[in-house]
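Colleague: So that you have it, the file is structure_31.txt, and it contains compact mmCIF, C-alpha atoms (C1' of nucleotides):
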```
# COMPACT_ATOMS: atom_id res chain seq x y z
CA MET A 4 70.06 -3.38 -8.27
CA ASP A 5 72.05 -1.32 -10.77
CA PHE A 6 72.90 2.35 -10.26
CA GLU A 7 69.99 3.59 -12.33
CA GLY A 8 67.55 1.34 -10.48
CA LEU A 9 68.88 2.29 -7.07
CA ALA A 10 68.88 6.00 -7.94
CA ASP A 11 65.27 5.63 -9.03
CA ALA A 12 64.29 3.86 -5.81
CA LEU A 13 66.04 6.51 -3.73
CA LYS A 14 64.28 9.28 -5.68
CA ALA A 15 60.97 7.69 -4.73
CA LEU A 16 61.94 8.21 -1.08
CA ALA A 17 63.73 11.53 -1.49
CA ASP A 18 60.71 13.72 -0.90
CA PRO A 19 59.47 14.90 2.52
CA THR A 20 55.82 14.19 1.74
CA ARG A 21 56.53 10.68 0.49
CA LEU A 22 58.72 10.02 3.53
CA ARG A 23 55.83 11.08 5.76
CA ILE A 24 53.47 8.84 3.82
CA VAL A 25 55.86 5.91 4.14
CA SER A 26 56.25 6.59 7.86
CA LEU A 27 52.47 6.56 8.31
CA LEU A 28 52.08 3.35 6.32
CA ASN A 29 54.77 1.92 8.54
CA ILE A 30 52.24 2.18 11.39
CA ARG A 31 49.12 1.09 9.55
CA ASP A 32 47.52 0.90 6.11
CA CYS A 33 45.82 4.07 4.95
CA CYS A 34 43.52 5.12 2.14
CA VAL A 35 44.07 8.28 0.15
CA CYS A 36 41.23 10.14 1.86
CA GLU A 37 42.99 9.71 5.20
CA LEU A 38 46.28 11.00 3.86
CA VAL A 39 44.93 14.09 2.11
CA PRO A 40 44.05 16.17 5.21
CA LEU A 41 47.44 15.42 6.78
CA PHE A 42 49.77 17.12 4.32
CA GLY A 43 48.12 20.33 3.14
CA ILE A 44 48.23 19.25 -0.47
CA SER A 45 45.45 18.29 -2.87
CA GLN A 46 44.01 14.80 -3.38
CA PRO A 47 45.53 14.49 -6.87
CA ALA A 48 48.92 15.37 -5.43
CA VAL A 49 48.63 12.58 -2.87
CA SER A 50 47.41 10.25 -5.59
CA LYS A 51 50.47 10.98 -7.69
CA HIS A 52 52.77 10.38 -4.73
CA MET A 53 51.12 6.99 -4.27
CA SER A 54 51.65 6.18 -7.95
CA ARG A 55 55.31 7.05 -7.60
CA LEU A 56 55.69 4.86 -4.51
CA LYS A 57 53.84 2.03 -6.21
CA ALA A 58 56.04 2.29 -9.31
CA SER A 59 59.07 1.75 -7.08
CA GLY A 60 57.47 -1.23 -5.39
CA LEU A 61 57.31 0.55 -2.04
CA VAL A 62 53.57 0.26 -1.59
CA LYS A 63 50.85 -2.15 -2.57
CA GLU A 64 47.25 -1.09 -3.18
CA THR A 65 44.11 -2.97 -2.26
CA ARG A 66 40.71 -1.74 -3.29
CA LYS A 67 38.01 -2.08 -0.62
CA GLY A 68 34.75 -0.75 -2.00
CA MET A 69 35.18 2.92 -2.77
CA TRP A 70 38.51 3.08 -1.04
CA VAL A 71 41.97 2.15 -2.11
CA PHE A 72 44.09 1.14 0.84
CA TYR A 73 47.83 1.37 0.54
CA SER A 74 50.20 -0.78 2.54
CA LEU A 75 53.94 -0.43 2.91
CA ASN A 76 56.21 -3.05 1.37
CA LYS A 77 58.60 -3.17 4.32
CA ASP A 78 60.89 -5.66 2.61
CA ARG A 79 61.34 -3.30 -0.29
CA LEU A 80 62.08 -0.40 2.05
CA ALA A 81 64.65 -2.49 3.91
CA GLU A 82 66.17 -3.61 0.61
CA ILE A 83 66.72 -0.01 -0.49
CA GLY A 84 68.28 0.88 2.86
CA MET A 85 70.50 -2.19 2.71
CA SER A 86 71.68 -1.41 -0.81
CA LEU A 87 73.37 1.69 0.55
CA SER A 88 75.59 -0.47 2.71
CA HIS A 89 76.23 -2.89 -0.15
CA LEU A 90 77.03 -0.62 -3.04
CA PRO A 91 78.34 -2.31 -6.20
CA ASP A 92 82.06 -3.05 -5.93
CA LEU A 93 83.76 -1.08 -8.71
CA THR A 94 87.24 -2.49 -8.01
CA ASP A 95 87.34 -4.46 -11.24
CA GLU A 96 86.17 -1.52 -13.33
CA LEU A 97 88.82 0.64 -11.69
CA ARG A 98 91.49 -1.95 -12.47
CA GLN A 99 90.43 -2.23 -16.12
CA LEU A 100 90.51 1.51 -16.56
CA GLU A 101 93.87 1.64 -14.84
CA GLN A 102 95.28 -0.89 -17.34
CA LYS A 103 93.93 1.15 -20.23
CA GLY A 104 95.75 4.19 -18.79
CA LEU A 105 92.50 6.02 -18.36
CA LEU A 106 93.02 6.68 -14.69
CA VAL A 107 95.06 9.75 -13.88
CA LYS A 108 97.67 9.34 -11.20
CA CYS A 109 97.61 12.44 -9.10
CA GLU A 110 100.45 11.72 -6.75
CA MET B 20 67.01 13.66 11.17
CA ASP B 21 63.68 15.24 10.26
CA PHE B 22 61.78 14.47 7.06
CA GLU B 23 63.18 17.47 5.20
CA GLY B 24 66.72 16.60 6.24
CA LEU B 25 66.37 12.95 5.36
CA ALA B 26 64.76 13.76 2.01
CA ASP B 27 67.66 16.08 1.29
CA ALA B 28 70.23 13.44 2.19
CA LEU B 29 68.45 10.86 0.03
CA LYS B 30 68.35 13.31 -2.88
CA ALA B 31 72.10 13.61 -2.63
CA LEU B 32 72.31 9.87 -3.28
CA ALA B 33 69.41 9.63 -5.72
CA ASP B 34 71.44 10.14 -8.86
CA PRO B 35 73.24 7.41 -10.84
CA THR B 36 76.40 9.45 -11.31
CA ARG B 37 76.64 10.35 -7.64
CA LEU B 38 75.99 6.73 -6.67
CA ARG B 39 78.88 5.68 -8.93
CA ILE B 40 81.09 8.35 -7.39
CA VAL B 41 80.17 7.19 -3.89
CA SER B 42 80.84 3.58 -4.87
CA LEU B 43 84.28 4.52 -6.18
CA LEU B 44 85.12 6.52 -3.07
CA ASN B 45 84.05 3.48 -1.11
CA ILE B 46 87.12 1.73 -2.58
CA ARG B 47 89.60 4.57 -2.38
CA ASP B 48 89.92 8.35 -2.29
CA CYS B 49 89.84 10.04 -5.68
CA CYS B 50 90.50 13.49 -7.06
CA VAL B 51 88.21 15.17 -9.56
CA CYS B 52 90.59 14.61 -12.47
CA GLU B 53 90.32 10.86 -11.92
CA LEU B 54 86.55 10.91 -11.84
CA VAL B 55 86.02 13.05 -14.94
CA PRO B 56 87.07 10.47 -17.58
CA LEU B 57 84.91 7.78 -15.97
CA PHE B 58 81.46 9.25 -16.42
CA GLY B 59 81.31 10.95 -19.79
CA ILE B 60 80.39 14.28 -18.26
CA SER B 61 82.36 17.50 -17.97
CA GLN B 62 84.70 18.48 -15.17
CA PRO B 63 82.33 21.20 -13.91
CA ALA B 64 79.53 18.63 -13.77
CA VAL B 65 81.68 16.33 -11.63
CA SER B 66 82.67 19.30 -9.49
CA LYS B 67 79.06 20.16 -8.85
CA HIS B 68 78.25 16.58 -7.91
CA MET B 69 81.07 16.72 -5.38
CA SER B 70 79.67 19.97 -3.96
CA ARG B 71 76.28 18.32 -3.57
CA LEU B 72 77.78 15.30 -1.82
CA LYS B 73 79.87 17.56 0.41
CA ALA B 74 76.81 19.65 1.32
CA SER B 75 75.12 16.48 2.57
CA GLY B 76 78.17 15.47 4.58
CA LEU B 77 78.78 12.41 2.42
CA VAL B 78 82.29 13.33 1.37
CA LYS B 79 85.21 15.24 2.83
CA GLU B 80 87.72 17.10 0.69
CA THR B 81 91.45 17.36 1.26
CA ARG B 82 93.61 19.55 -0.89
CA LYS B 83 96.98 18.06 -1.84
CA GLY B 84 98.87 20.54 -3.97
CA MET B 85 96.92 21.11 -7.16
CA TRP B 86 94.53 18.30 -6.43
CA VAL B 87 91.49 18.03 -4.26
CA PHE B 88 91.02 14.53 -2.99
CA TYR B 89 87.59 13.43 -1.91
CA SER B 90 86.98 10.71 0.65
CA LEU B 91 83.73 9.02 1.54
CA ASN B 92 82.19 9.63 4.96
CA LYS B 93 81.15 6.01 5.48
CA ASP B 94 79.49 6.79 8.81
CA ARG B 95 77.26 9.34 7.15
CA LEU B 96 76.34 6.90 4.37
CA ALA B 97 75.49 4.23 6.95
CA GLU B 98 73.47 6.75 8.93
CA ILE B 99 71.32 7.60 5.91
CA GLY B 100 70.76 3.90 5.14
CA MET B 101 69.87 3.24 8.79
CA SER B 102 67.40 6.10 8.91
CA LEU B 103 65.25 4.23 6.39
CA SER B 104 64.83 1.42 8.88
CA HIS B 105 64.17 3.84 11.73
CA LEU B 106 61.69 6.26 10.26
CA PRO B 107 60.10 8.72 12.70
CA ASP B 108 57.24 7.15 14.60
CA LEU B 109 54.11 9.12 13.72
CA THR B 110 51.83 7.20 16.10
CA ASP B 111 51.37 10.17 18.41
CA GLU B 112 50.62 12.55 15.53
CA LEU B 113 48.06 10.07 14.21
CA ARG B 114 46.43 9.84 17.62
CA GLN B 115 46.23 13.63 18.01
CA LEU B 116 44.66 14.01 14.57
CA GLU B 117 42.24 11.21 15.38
CA GLN B 118 41.12 13.04 18.54
CA LYS B 119 40.57 16.22 16.55
CA GLY B 120 38.36 14.23 14.16
CA LEU B 121 40.69 14.97 11.25
CA LEU B 122 41.20 11.35 10.36
CA VAL B 123 38.62 9.85 8.09
CA LYS B 124 37.40 6.41 8.98
CA CYS B 125 37.05 4.48 5.78
CA GLU B 126 35.63 1.27 7.13
C1' DG C 29 105.65 36.95 -12.80
C1' DA C 30 104.09 34.07 -16.76
C1' DA C 31 102.44 29.77 -18.25
C1' DG C 32 100.25 25.55 -17.23
C1' DT C 33 97.21 22.30 -14.55
C1' DA C 34 93.33 21.24 -11.39
C1' DT C 35 89.23 22.73 -9.50
C1' DA C 36 85.27 25.85 -8.70
C1' DT C 37 81.81 29.16 -10.04
C1' DA C 38 78.62 31.71 -13.26
C1' DA C 39 75.28 31.87 -16.72
C1' DC C 40 72.50 29.36 -19.33
C1' DA C 41 69.43 25.39 -21.55
C1' DA C 42 66.79 21.14 -21.39
C1' DT C 43 64.37 18.09 -18.64
C1' DA C 44 62.27 16.38 -14.34
C1' DT C 45 59.54 17.17 -10.28
C1' DA C 46 55.70 18.55 -7.43
C1' DG C 47 52.13 21.14 -7.09
C1' DT C 48 47.59 23.17 -9.04
C1' DT C 49 42.53 22.88 -11.18
C1' DA C 50 39.41 20.42 -14.11
C1' DT C 51 37.72 16.14 -15.53
C1' DA C 52 37.34 11.08 -15.92
C1' DT C 53 36.83 6.70 -13.68
C1' DT C 54 35.18 3.42 -10.30
C1' DG C 55 32.20 1.93 -6.95
C1' DT C 56 27.93 2.74 -3.62
C1' DA C 57 23.38 3.87 -2.57
C1' DT C 58 18.86 5.64 -3.43
C1' DA D 4 19.46 5.56 -13.87
C1' DT D 5 20.84 9.15 -10.97
C1' DA D 6 23.44 11.14 -7.53
C1' DC D 7 27.29 10.93 -4.65
C1' DA D 8 31.99 9.68 -2.80
C1' DA D 9 36.82 8.19 -3.51
C1' DT D 10 40.48 7.91 -6.54
C1' DA D 11 43.04 8.60 -10.92
C1' DT D 12 44.39 11.11 -14.97
C1' DA D 13 45.11 15.28 -17.98
C1' DA D 14 46.76 19.73 -18.82
C1' DC D 15 49.21 23.13 -16.99
C1' DT D 16 52.65 26.09 -14.00
C1' DA D 17 56.58 26.98 -11.10
C1' DT D 18 60.70 25.35 -9.50
C1' DA D 19 64.55 22.04 -9.13
C1' DT D 20 67.92 19.25 -11.32
C1' DT D 21 71.61 18.15 -14.39
C1' DG D 22 74.04 19.05 -17.85
C1' DT D 23 76.62 22.55 -20.96
C1' DT D 24 80.38 26.38 -22.11
C1' DA D 25 83.00 30.23 -20.50
C1' DT D 26 85.52 32.15 -16.88
C1' DA D 27 87.65 32.61 -12.28
C1' DT D 28 90.54 30.81 -8.62
C1' DA D 29 94.31 28.08 -6.51
C1' DC D 30 98.47 26.02 -6.86
C1' DT D 31 103.03 24.59 -9.28
C1' DT D 32 106.88 25.28 -12.15
C1' DC D 33 109.86 27.64 -15.07
```
Would you mind writing the file out in structure tokens?
Modeller:
Amino acid sequence: MDFEGLADALKALADPTRLRIVSLLNIRDCCVCELVPLFGISQPAVSKHMSRLKASGLVKETRKGMWVFYSLNKDRLAEIGMSLSHLPDLTDELRQLEQKGLLVKCE
Amino acid sequence: MDFEGLADALKALADPTRLRIVSLLNIRDCCVCELVPLFGISQPAVSKHMSRLKASGLVKETRKGMWVFYSLNKDRLAEIGMSLSHLPDLTDELRQLEQKGLLVKCE
DNA sequence: GAAGTATATAACAATATAGTTATATTGTAT
DNA sequence: ATACAATATAACTATATTGTTATATACTTC
């Protein structure tokens, strides 16, 4: 995952409401109508949060009749968490810049 | 860490430039003047990113003469990553809401 | 103390985000 | 087909974010 991709995935999680949604889905699948009364925001707002989570691969949707059930992609969540402990190694980039004299020596 | 706190910490990381800064600091401490030429943004922009990271406890600053060196708080970074795999358990909240009849049964 | 360098803050602009209400879409049931 | 329920999308608003330039602060050196 590149920096842009990781930043985007983290943004998907960096909202209290979406974190609550993810925490709920961590317990069990939910449909939108169950989530709406829990957060004091409108149904369209919840729907947009779900779209955002889906766009980042964090949830999967399954239509069952009238309802759309969302389930958490736990692997994806773990992957994002892991990526914070395995950030890209910029050593080579640093070295290249150093050779080009672009790095300031401050001491 | 509550949802608001975690969301705030994730927001601190949810930016490509700040992720690059964190990745660099993961290799070695840097001062602002070293970071500026790397990202194609102004010195004040870098300075504000450092303030944001500092506010979330992700970096520590140490003044050395004219320079301010920033170092990564690796424990804090690990803590934020870990918190994604240990999200608050909302089972009890779900149960309470269920008893109050606030949860819709969709099936 | 005057000049120079590194960093931080202030004021502002452009864009992104998260909510709203209104409406469209999709599926169920009569 | 009509009416209803659940969800999604559109248009909009308010606020947050991320950058800019100009200026202030902190420290060093002459």
Colleague: Determine which residues of chain B sit within 6 Å of chain A, taking into account all atoms listed in the file, and present them as an MDAnalysis selection string.
Modeller: chainID B and resid 22:23 26 29:30 33:35 42 53 100 103 106 122:123
Colleague: What is the atom CA of Asp78 of chain A-atom CA of Ser54 of chain A distance in Å, reported with one decimal?
Modeller: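 Atom CA of Ser54 of chain A lies at a distance of 18.4 Å from atom CA of Asp78 of chain A.
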Colleague: Between atom CA of Ile60 of chain B and atom C1' of DT33 of chain C, measure the distance and give it in Å to one decimal.
Modeller: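 Here the two named atoms are 19.0 Å from each other.
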Colleague: In Å, with one decimal, what is the gap from atom CA of Asp32 of chain A to atom CA of Ser74 of chain A?
Modeller: 4.8 Å
Colleague: Please report as CSV every residue of chain D lying within 9 Å of chain A, along with the nearest atom pair and their distance in Å (one decimal), using all atoms listed in the file.
Modeller:
```
residue,atom,partner,partner_atom,distance
D:DA8,C1',A:Met69,CA,7.5
D:DA9,C1',A:Met69,CA,5.6
D:DT10,C1',A:Ser50,CA,7.4
D:DA11,C1',A:Ser50,CA,7.1
D:DT12,C1',A:Pro47,CA,8.9
```
Colleague: Here is a test: counting all atoms listed in the file, which residue of A:Leu56, A:Leu61, A:Arg66, A:Arg79 is nearest to chain C?
Modeller: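 Closest to chain C of all the choices is A:Arg66.
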Colleague: Could you check which of B:Gln115, B:Met20, B:Glu80, B:Gly59 is closest to chain C, using all atoms listed in the file?
Modeller: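 The shortest atom-to-atom distance to chain C comes from B:Glu80.
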Colleague: Counting all atoms listed in the file, which residues of chain C sit at most 12 Å from some atom of chain B, and what is each one's closest atom pair with its distance in Å to one decimal, listed by chain and rising residue number, as JSON lines?
Modeller:
```
{"residue": "C:DG32", "atom": "C1'", "partner": "B:Met85", "partner_atom": "CA", "distance": 11.5}
{"residue": "C:DT33", "atom": "C1'", "partner": "B:Met85", "partner_atom": "CA", "distance": 7.5}
{"residue": "C:DA34", "atom": "C1'", "partner": "B:Met85", "partner_atom": "CA", "distance": 5.5}
{"residue": "C:DT35", "atom": "C1'", "partner": "B:Val87", "partner_atom": "CA", "distance": 7.4}
{"residue": "C:DA36", "atom": "C1'", "partner": "B:Ser66", "partner_atom": "CA", "distance": 7.1}
{"residue": "C:DT37", "atom": "C1'", "partner": "B:Pro63", "partner_atom": "CA", "distance": 8.9}
{"residue": "C:DA38", "atom": "C1'", "partner": "B:Pro63", "partner_atom": "CA", "distance": 11.2}
```
